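Below is one structure, written out as structure tokens, with a few remarks after it.
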Amino acid sequence: MKISGFSMCRNAESLYYPFLESIKSALPLVDEFVIAVGRGNPADRTLEMIHEFNHPKIKVLETDWDLEAFPKGTVHAQQTDLAKSHCTGDWLLYLQADEVLHEGDLDSIREACTDFLDDHTVEGFLLDYIHFWGDYKHCQNSHAWYYKEIRIIRNNPEIHSWQSAQSFRCMPHFDGRSYRQKKGTRKLNVVKIDATIYHYGWVRPPALMIQKMNELDKIHSHKIQRFKGEMNYGDLAALPTFTGTHPIVMKDRIDRFDWKPDSKVSGVNVPQRQNHWRYRLLTWIEINLLSGRRLFTFKNFRLLKIAK
């Protein structure tokens with residue numbers, strides 16, 4: 001059995017993505033790691049840092065992002081598919097540049113890949129998520145945040161990245177462009193495994209968080225810059241405190257933590273879905289009445305079973 005890792009990014013170093021930590025977290029598990037690195041800011045050192053790391057399992061694809069051909073965030077899916085197409089494993093582990101695996105979960109992942117290798121009714125594996133917010137001590141528990149997602153897929157050419165690369169779907173007659181289509185596609189049949197994605201996409205110095213938001217707006221075809229100044233992370237004390245351990249590859253980055261996720265910054269209006277009254281109500285019901293069980297969640301998968 002062979003497992004490939006794959007990812008994509010652009011300007012990851014200058015936008016404070018933990019891209020090297022993400023890759024490092026997968027290397028003990030995978031036989032190869034393919035990453036598509038988009039050409040971006042000339043001052044960005046993403047490609048240079050990967051080459052300096054110089055790991056024999058890493059395969060780098062230098063790419064160009066065509067935001068006109070792939071608008072509204074679909075360039076993320078196109079770049080993900082490009083990296084996927086160079087993978088040679090039986091199973092493919094996908095990590096975005098702000099997603100990290102915990103070393104304590106690697107055995108569970110490897111065991112599931114082995115156990116279901118010959119069961120072709122299983123097309124992928126579902127992993128849990130922890131979404132860190134503002135710093136490394138607080139995380140989101142709002143209904144607005146996805147709590148599970150497909151991050152391991154079978155190496156099947158009919159499986160493609162979907163929408164803005166949040167998930168995957170089976171697209172038997174894919175035209176190479178329509179990454180947001182539903183017609184003629186179907187959800188993957190997956191098994192839930194005991195493993196977690198540590199998502200650090202909202203842990204950044206406040207000014208860099210606004211810069212990232214504006215970059216994502218461009219990629220999602222917004223014509224006007226919406227955000228200025230520094231990120232207002234809100235009242236972190238109202239969020240759950242993380243009591244577990246972070247992946248060991250994150251230690252140096254966490255040790256360098258040197259900014260304050262200020263909740264009193266003025267003049268910043270970052271739209272956050274979790275602040276909508278509907279999400280606040282659903283979150284209160286789920287936490288206080290349902291012991292965390294989710295209501296009315298969109299599931300881009302068909303759950304076959306939970307792995308033991």
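Ordering of the structure tokens sets the chain letters (A, B, ...), residue numbers begin anew at 1 in every chain, and ligands are numbered from 1 in the order given.
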Could the residues of region 43-126 of chain A that have an atom at most 12 Å from region 211-226 of chain A be listed as JSON lines, each with its closest atom pair and the distance in Å to one decimal, counting only C-alpha atoms and ordered by chain and ascending residue number?
```
{"residue": "A:Trp65", "atom": "CA", "partner": "A:Ile219", "partner_atom": "CA", "distance": 9.5}
{"residue": "A:Asp66", "atom": "CA", "partner": "A:Ile219", "partner_atom": "CA", "distance": 9.7}
{"residue": "A:Leu67", "atom": "CA", "partner": "A:Ile219", "partner_atom": "CA", "distance": 6.6}
{"residue": "A:Glu68", "atom": "CA", "partner": "A:Ser221", "partner_atom": "CA", "distance": 8.9}
{"residue": "A:Ala69", "atom": "CA", "partner": "A:Ser221", "partner_atom": "CA", "distance": 11.4}
{"residue": "A:Phe70", "atom": "CA", "partner": "A:Ile219", "partner_atom": "CA", "distance": 8.9}
{"residue": "A:Pro71", "atom": "CA", "partner": "A:Ser221", "partner_atom": "CA", "distance": 6.0}
{"residue": "A:Lys72", "atom": "CA", "partner": "A:His220", "partner_atom": "CA", "distance": 3.8}
{"residue": "A:Gly73", "atom": "CA", "partner": "A:His220", "partner_atom": "CA", "distance": 4.4}
{"residue": "A:Thr74", "atom": "CA", "partner": "A:His220", "partner_atom": "CA", "distance": 7.9}
{"residue": "A:Val75", "atom": "CA", "partner": "A:Ile219", "partner_atom": "CA", "distance": 7.5}
{"residue": "A:His76", "atom": "CA", "partner": "A:Ile219", "partner_atom": "CA", "distance": 8.5}
{"residue": "A:Ala77", "atom": "CA", "partner": "A:Ile219", "partner_atom": "CA", "distance": 11.6}
```
- Item | Polymer residues at most 10 Å from Thr196 (chain A), only C-alpha atoms, same-chain spacing of 2 or more positions, as a ChimeraX atom specification | /A:99-102,104-106,109,126-130,147-149,151,193-194,198-199
- Message: List the spatial neighbours of Val30 (chain A) as a ChimeraX atom specification - criterion: any atom at most 9 Å away, only C-alpha atoms, same-chain residues fewer than 6 positions off excluded.
- Response: /A:2-5,57,89,92-93
Take the residues from that selection and write them out as an mmCIF file, in the first residue's frame, keeping all heavy atoms.
```cif
data_model
loop_
_atom_site.group_PDB
_atom_site.id
_atom_site.type_symbol
_atom_site.label_atom_id
_atom_site.label_comp_id
_atom_site.auth_asym_id
_atom_site.auth_seq_id
_atom_site.Cartn_x
_atom_site.Cartn_y
_atom_site.Cartn_z
ATOM 1 N N LYS A 2 0.463 2.232 -0.766
ATOM 2 C CA LYS A 2 1.194 3.487 -0.854
ATOM 3 C C LYS A 2 0.235 4.648 -0.576
ATOM 4 O O LYS A 2 -0.888 4.668 -1.074
ATOM 5 C CB LYS A 2 1.814 3.635 -2.249
ATOM 6 C CG LYS A 2 2.678 4.882 -2.426
ATOM 7 C CD LYS A 2 3.328 4.891 -3.807
ATOM 8 C CE LYS A 2 4.233 6.097 -3.981
ATOM 9 N NZ LYS A 2 4.887 6.105 -5.321
ATOM 10 N N ILE A 3 0.696 5.608 0.217
ATOM 11 C CA ILE A 3 -0.087 6.801 0.536
ATOM 12 C C ILE A 3 0.654 8.024 0.011
ATOM 13 O O ILE A 3 1.855 8.194 0.275
ATOM 14 C CB ILE A 3 -0.319 6.949 2.050
ATOM 15 C CG1 ILE A 3 -1.009 5.711 2.625
ATOM 16 C CG2 ILE A 3 -1.149 8.198 2.351
ATOM 17 C CD1 ILE A 3 -1.148 5.729 4.140
ATOM 18 N N SER A 4 -0.052 8.849 -0.736
ATOM 19 C CA SER A 4 0.507 10.115 -1.208
ATOM 20 C C SER A 4 -0.122 11.267 -0.431
ATOM 21 O O SER A 4 -1.315 11.241 -0.121
ATOM 22 C CB SER A 4 0.218 10.325 -2.699
ATOM 23 O OG SER A 4 0.792 9.318 -3.493
ATOM 24 N N GLY A 5 0.673 12.281 -0.133
ATOM 25 C CA GLY A 5 0.151 13.537 0.392
ATOM 26 C C GLY A 5 0.140 14.573 -0.708
ATOM 27 O O GLY A 5 0.969 14.511 -1.622
ATOM 28 N N LYS A 57 10.973 13.116 -0.053
ATOM 29 C CA LYS A 57 9.595 12.734 -0.364
ATOM 30 C C LYS A 57 8.814 13.850 -1.067
ATOM 31 O O LYS A 57 7.764 13.594 -1.654
ATOM 32 C CB LYS A 57 8.844 12.344 0.917
ATOM 33 C CG LYS A 57 9.282 11.033 1.549
ATOM 34 C CD LYS A 57 8.384 10.705 2.749
ATOM 35 C CE LYS A 57 8.798 9.401 3.406
ATOM 36 N NZ LYS A 57 7.936 9.067 4.577
ATOM 37 N N GLY A 89 -0.070 7.250 -5.165
ATOM 38 C CA GLY A 89 -0.464 6.348 -4.094
ATOM 39 C C GLY A 89 -1.821 5.696 -4.306
ATOM 40 O O GLY A 89 -2.596 6.092 -5.185
ATOM 41 N N LEU A 92 -4.855 9.067 -1.056
ATOM 42 C CA LEU A 92 -4.298 10.405 -1.178
ATOM 43 C C LEU A 92 -4.753 11.256 0.000
ATOM 44 O O LEU A 92 -5.947 11.458 0.218
ATOM 45 C CB LEU A 92 -4.749 11.065 -2.487
ATOM 46 C CG LEU A 92 -4.630 10.222 -3.765
ATOM 47 C CD1 LEU A 92 -5.060 11.040 -4.973
ATOM 48 C CD2 LEU A 92 -3.203 9.704 -3.937
ATOM 49 N N LEU A 93 -3.798 11.741 0.771
ATOM 50 C CA LEU A 93 -4.058 12.602 1.919
ATOM 51 C C LEU A 93 -3.924 14.058 1.485
ATOM 52 O O LEU A 93 -2.865 14.483 1.027
ATOM 53 C CB LEU A 93 -3.055 12.302 3.039
ATOM 54 C CG LEU A 93 -2.954 13.332 4.157
ATOM 55 C CD1 LEU A 93 -4.210 13.313 5.022
ATOM 56 C CD2 LEU A 93 -1.700 13.109 4.994
#
```
- Message: Neighbouring residues of Leu27 (chain A) were defined as those with any atom within 10 Å, considering only C-alpha atoms; residues of the same chain fewer than 2 positions away were excluded. Please report them as a list in words.
- Response: Ser4, Gly5, Ser22, Ile23, Lys24, Ser25, Leu29, Val30, Asp31, Glu32, Phe33, His55, Lys57 and Ile58 of chain A
So that I have them on file, write out the residues from the current selection with N, CA and C atoms, as a PDB file, in the first residue's frame.
```pdb
ATOM      1  N   SER A   4      -0.052   8.849  -0.736  1.00  0.00           N
ATOM      2  CA  SER A   4       0.507  10.115  -1.208  1.00  0.00           C
ATOM      3  C   SER A   4      -0.122  11.267  -0.431  1.00  0.00           C
ATOM      4  N   GLY A   5       0.673  12.281  -0.133  1.00  0.00           N
ATOM      5  CA  GLY A   5       0.151  13.537   0.392  1.00  0.00           C
ATOM      6  C   GLY A   5       0.140  14.573  -0.708  1.00  0.00           C
ATOM      7  N   SER A  22       2.644  21.941   8.048  1.00  0.00           N
ATOM      8  CA  SER A  22       1.636  21.076   7.454  1.00  0.00           C
ATOM      9  C   SER A  22       2.285  19.905   6.717  1.00  0.00           C
ATOM     10  N   ILE A  23       3.255  20.214   5.872  1.00  0.00           N
ATOM     11  CA  ILE A  23       3.953  19.162   5.130  1.00  0.00           C
ATOM     12  C   ILE A  23       4.659  18.206   6.084  1.00  0.00           C
ATOM     13  N   LYS A  24       5.391  18.770   7.048  1.00  0.00           N
ATOM     14  CA  LYS A  24       6.152  17.940   7.993  1.00  0.00           C
ATOM     15  C   LYS A  24       5.251  16.990   8.767  1.00  0.00           C
ATOM     16  N   SER A  25       4.025  17.441   9.083  1.00  0.00           N
ATOM     17  CA  SER A  25       3.123  16.595   9.862  1.00  0.00           C
ATOM     18  C   SER A  25       2.698  15.351   9.103  1.00  0.00           C
ATOM     19  N   LEU A  29       3.844   9.667   7.490  1.00  0.00           N
ATOM     20  CA  LEU A  29       2.753   8.803   7.049  1.00  0.00           C
ATOM     21  C   LEU A  29       2.818   8.476   5.564  1.00  0.00           C
ATOM     22  N   VAL A  30       3.256   9.437   4.749  1.00  0.00           N
ATOM     23  CA  VAL A  30       3.133   9.305   3.299  1.00  0.00           C
ATOM     24  C   VAL A  30       4.434   8.832   2.661  1.00  0.00           C
ATOM     25  N   ASP A  31       4.298   8.290   1.444  1.00  0.00           N
ATOM     26  CA  ASP A  31       5.463   7.863   0.665  1.00  0.00           C
ATOM     27  C   ASP A  31       5.976   8.980  -0.234  1.00  0.00           C
ATOM     28  N   GLU A  32       5.124   9.955  -0.499  1.00  0.00           N
ATOM     29  CA  GLU A  32       5.491  11.125  -1.286  1.00  0.00           C
ATOM     30  C   GLU A  32       4.558  12.262  -0.889  1.00  0.00           C
ATOM     31  N   PHE A  33       4.993  13.510  -1.123  1.00  0.00           N
ATOM     32  CA  PHE A  33       4.134  14.662  -0.855  1.00  0.00           C
ATOM     33  C   PHE A  33       4.266  15.618  -2.028  1.00  0.00           C
ATOM     34  N   HIS A  55      13.490  17.768   1.426  1.00  0.00           N
ATOM     35  CA  HIS A  55      13.135  16.408   1.837  1.00  0.00           C
ATOM     36  C   HIS A  55      12.906  15.540   0.604  1.00  0.00           C
ATOM     37  N   LYS A  57      10.973  13.116  -0.053  1.00  0.00           N
ATOM     38  CA  LYS A  57       9.595  12.734  -0.364  1.00  0.00           C
ATOM     39  C   LYS A  57       8.814  13.850  -1.067  1.00  0.00           C
ATOM     40  N   ILE A  58       9.313  15.086  -1.006  1.00  0.00           N
ATOM     41  CA  ILE A  58       8.542  16.230  -1.514  1.00  0.00           C
ATOM     42  C   ILE A  58       8.766  16.421  -3.007  1.00  0.00           C
TER      43      ILE A  58
END
```
- Task: Identify all residues of region 39-285 of chain A in strand (DSSP E) (DSSP on the backbone) and supply them as a PyMOL selection string.
- Result: chain A and resi 58-63+91-94+99-101+124-133+148-154+159-162+167-170+189-202
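The residue set within 10 Å of Phe116 (chain A), counting only C-alpha atoms and dropping same-chain residues fewer than 6 places from it, reads Val122, Glu123, Gly124, Phe125, Val191 and Ala307 of chain A.
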Go ahead and dump the residues you just picked, C-alpha atoms, as a PDB file, in the first residue's frame.
```pdb
ATOM      1  CA  VAL A 122     -15.043   3.141   0.491  1.00  0.00           C
ATOM      2  CA  GLU A 123     -13.919   6.165  -1.516  1.00  0.00           C
ATOM      3  CA  GLY A 124     -12.509   8.297   1.268  1.00  0.00           C
ATOM      4  CA  PHE A 125     -12.123   9.035   4.954  1.00  0.00           C
ATOM      5  CA  VAL A 191     -15.703   6.100   6.584  1.00  0.00           C
ATOM      6  CA  ALA A 307     -13.942   2.901  11.834  1.00  0.00           C
TER       7      ALA A 307
END
```
